[in-house]
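**Student:** I'd like to ask you about the structure that follows.
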Protein chains: 2
Amino acid sequence: MKKISRTSPSKIVLLIIDGVGGLPHPKSGKTEMESARKPNLNRIAKDSLCGLIDPVSPGITPGSAPGHLAIFGYDPVQYNIGRGVMEALGIDLELKPDDIAARGNFCTVDDRGIITDRRAGRLATDKNTKLCRLLSNIAIDEAEISVLPVKEHRFVLILRGKALSSELADSDPQQVGLAPKKIKALSPQAQKTARIVNEFVSQAKSLLQGKAPANMVLLRGFSRRPDIPLISEIYKLKPAAIATYPMYRGLARLVGMQVLPGGDSITEQLDSLRRYYADYDFFFVHFKSADTRGEDGDFRAKVQAIEELDNALPSLLSLEPEVLIITGDHSTPATLAMHSWHPVPFMLKSKWCRPDNVAEFSERACLAGGMGRFPATEIMPLAMANALKLDKFGA
Amino acid sequence: MKKISRTSPSKIVLLIIDGVGGLPHPKSGKTEMESARKPNLNRIAKDSLCGLIDPVSPGITPGSAPGHLAIFGYDPVQYNIGRGVMEALGIDLELKPDDIAARGNFCTVDDRGIITDRRAGRLATDKNTKLCRLLSNIAIDEAEISVLPVKEHRFVLILRGKALSSELADSDPQQVGLAPKKIKALSPQAQKTARIVNEFVSQAKSLLQGKAPANMVLLRGFSRRPDIPLISEIYKLKPAAIATYPMYRGLARLVGMQVLPGGDSITEQLDSLRRYYADYDFFFVHFKSADTRGEDGDFRAKVQAIEELDNALPSLLSLEPEVLIITGDHSTPATLAMHSWHPVPFMLKSKWCRPDNVAEFSERACLAGGMGRFPATEIMPLAMANALKLDKFGA
């Protein structure tokens with residue numbers, strides 16, 4: 001891809017409707033997409049090449065990271081992002097390549113050190129913030145330590161220093177009735193880091209004494225930023241992202257996108273797209289609420305989220321991007337109230353796409369599309385081809 | 001495949017319509033295939049298993065070599081054929097396994113040796129022929145040198161000798177205003193060959209002095225014939241090729257096909273098929289003009305090329321081959337006037353295929369075919385199975 005990609009003035013807009021795919025409502029027999037009034041999405045489908053994507057592979061329910069990375073063209077199994085790094089991305093933290101990140105929980109232990117509540121009674125976030133400030137006082141030779149609050153009982157631990165390793169087992173036993181485990185090195189190179197982290201835990205325990213329910217910490221998902229080739233290197237694109245939620249901004253930054261100011265609504269996001277349209281040639285726009293409503297199990301609200309998006313589309317369409325792709329990172333059927341493994345509707349509109357006979361943007365309709373069912377990692381080559389940004393392969 | 005293939009009297013005919021896939025005409029909304037009157041192709045589709053092939057992978061526009069190699073069953077990325085070898089195949093040259101081939105340009109340089117025209121004013125071919133004869137006088141120890149004219153400013157340089165390597169960088173900087181680069185070895189083993197080629201270039205420069213506009217040479221795409229397993233070995237077939245253009249004959253020879261005399265028209269090609277029908281069990285017939293007309297951007301002429309082919313088909317059908325496959329090596333939409341990435345209609349007719357509901361040989365119709373969209377490398381196993389030339393796999 002690196003060898004055959006080339007720059008050109010044409011623009012690619014990739015709109016990801018988080019969790020858009022669904023399942024039929026038991027009463028109507030129609031999915032959320034089939035139930036929504038969405039004249040703009042349907043009109044685009046009529047002029048598009050349609051299909052259904054598998055973000056990871058059939059039967060596999062993707063987290064947000066693999067779902068997005070696959071659409072961005074990365075093998076989501078090869079570039080598996082650790083829990084610690086995801087948590088850091090989620091609070092807009094920019095990690096350096098050698099930083100070690102871990103997801104932390106404040107928890108409750110009894111007199112014998114046995115865990116009685118893994119979430120410290122879902123601590124209030126302001127208390128969390130104060131405790132993180134307290135733990136940030138911990139100083140250990142050989143590593144700079146940061147403890148940053150996330151929400152409720154959750155925090156991020158960052159270690160910065162020389163020759164640190166993320167090959168560490170979790171301290172979190174993932175159940176009550178056990179003591180937190182001592183951090184074990186999973187490779188000889190990680191022994192120094194294990195020593196540092198155990199020292200941190202021991203000092204944290206002392207500082208938290210008497211602060212029940214938050215009188216101990218649990219750590220898991222030690223990881224570092226993956227060494228991932230940038231979109232600008234692979235595709236020679238100048239990419240930008242417009243996303244309301246920090247985790248998606250973090251993912252976008254990870255693959256080298258410039259994060260643009262967004263705003264809270266899709267209308268504001270599309271206003272931002274218009275404002276910066278001249279400055280970049282690839283735009284990732286992330287629309288979150290279809291997923292949130294799906295996870296709430298609220299079928300009607302998810303339908304409304306799709307309608308809200310449809311309603312905002314004319315502003316995007318008036319920009320006439322050379323390539324417009326609309327899809328989702330996974331399905332979140334309201335009937336399941338969680339991410340699911342079902343393939344996700346996809347459409348690509350360009351002057352050079354070969355339109356099929358699909359005239360509706362929905363799960364069943366896209367099945368008859370020109371792409372059929374296909375892996376999400378094939379989206380970027382298709383986008384590049386349709387933007388006439390790829391040279392011929394081979395003589 | 002080698003382990004389960006077996007010989008049998010049944011015949012496989014593979015008809016490749018070069019560049020057959022297309023895009024809708026802006027006025028009619030119909031592609032070239034959809035616009036053509038093609039009763040024979042449609043009748044075959046009705047009895048066939050249909051689908052759409054990706055020659056390389058979605059979004060990738062194949063050159064002629066990868067497009068054909070994939071249909072012949074070879075991974076087109078693994079067997080990537082260099083520019084020099086392709087140029088040699090294009091003038092019907094039989095390369096030995098260790099020959100090094102490079103594509104050459106006669107070019108114009110000024111007094112300071114700076115390139116002012118990379119194509120020497122598109123030199124007349126007869127002048128090219130004379131200059132190639134002149135350069136063939138160059139004698140260098142350790143390698144036998146041949147310089148063979150192609151067309152206009154293009155020639156092929158062949159080096160034959162012991163321990164030569166093709167791991168050389170181009171001398172052609174691909175732009176005017178620069179001097180030709182000294183040939184650099186890309187591996188220690190290639191140093192001797194680099195020395196030989198630089199000596200050739202230096203002698204060529206002397207011989208061409210005062211012959212402006214053709215007063216210098218540029219070389220690129222150093223390559224050797226890939227070490228490719230033969231069709232006869234993998235499939236135990238006795239394969240033959242009928243192709244009008246030398247490059248396709250060269251490709252066929254590369255994979256071990258016997259090249260049969262063809263003639264200029266599809267009617268003559270099919271006469272040749274009839275004449276040799278008893279002597280082989282696999283025939284590759286190459287029909288070129290759909291691609292040529294597509295590259296010309298002439299929608300109407302491409303439609304006519306498809307109609308011309310359709311018209312000639314009864315002669316082929318009367319042979320009643322056990323397996324008949326009709327497809328293309330890539331799309332060449334007249335609206336784009338170049339090779340493209342769009343998948344290509346495919347059909348396979350045999351007594352044992354499982355026909356689908358497709359009754360028209362076109363892009364949109366084949367989408368509903370029994371094979372869906374699939375990689376071109378799966379064609380050969382399908383052909384073999386339908387010819388009952390494959391044993392069961394496993395107990």
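In the structure tokens, each chain is lettered A, B, ... as it comes, each chain's residues begin at 1, and ligands are numbered from 1 in order of appearance.
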Would you tabulate, counting only C-alpha atoms, all residues of chain A that have an atom at most 7 Å from an atom of chain B, showing the closest pair of atoms and their distance in Å to one decimal, sorted by chain then ascending number, as a tab-separated table?
**Tutor:**
```
residue	atom	partner	partner_atom	distance
A:Arg354	CA	B:Leu23	CA	6.0
A:Asp356	CA	B:Arg364	CA	6.4
A:Gly370	CA	B:Leu367	CA	6.5
A:Gly372	CA	B:Arg373	CA	7.0
A:Glu378	CA	B:Pro58	CA	6.3
A:Pro381	CA	B:Gly59	CA	4.9
A:Leu382	CA	B:Gly59	CA	4.2
A:Ala385	CA	B:Gly59	CA	5.2
A:Lys392	CA	B:Thr61	CA	4.9
A:Phe393	CA	B:Pro62	CA	5.0
A:Gly394	CA	B:Gly63	CA	4.9
A:Ala395	CA	B:Gly63	CA	4.9
```
**Student:** Quick one: distance from CA of Met347 in chain A to CA of Lys27 in chain A in Å, one decimal?
**Tutor:** 27.9 Å
**Student:** So which bits of range 74-269 of chain A end up strand (DSSP E) when you DSSP the backbone, as a count of residues only?
**Tutor:** 41
**Student:** Tell me, as a ChimeraX atom specification, which residues lie within 10 Å of range 266-283 of chain A, counting only C-alpha atoms; anything in the same chain fewer than 4 positions away does not count.
**Tutor:** /A:7-15,231-232,236-244,257-262,287-289,308-316,318-319,321-324,383
**Student:** Can you tell me, as a list in words, what residues are no more than 6 Å from Ala45 in chain B when counting only C-alpha atoms, ignoring any on the same chain fewer than 4 positions away?
**Tutor:**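 Skipping anything fewer than 4 positions along the chain leaves Ala359, Glu360 and Phe361 of chain B.
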**Student:** Keeping only N, CA and C atoms, write the selected residues as a compact mmCIF listing (two decimals), in the first residue's frame.
**Tutor:**
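result_10.txt was written with the following content:
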```
# COMPACT_ATOMS: atom_id res chain seq x y z
N ALA B 359 -29.03 -14.86 -15.21
CA ALA B 359 -29.35 -15.16 -16.60
C ALA B 359 -28.74 -14.11 -17.53
N GLU B 360 -27.77 -13.35 -17.00
CA GLU B 360 -27.15 -12.30 -17.80
C GLU B 360 -25.70 -12.18 -17.37
N PHE B 361 -24.78 -12.04 -18.35
CA PHE B 361 -23.37 -11.92 -18.00
C PHE B 361 -23.02 -10.44 -17.88
```
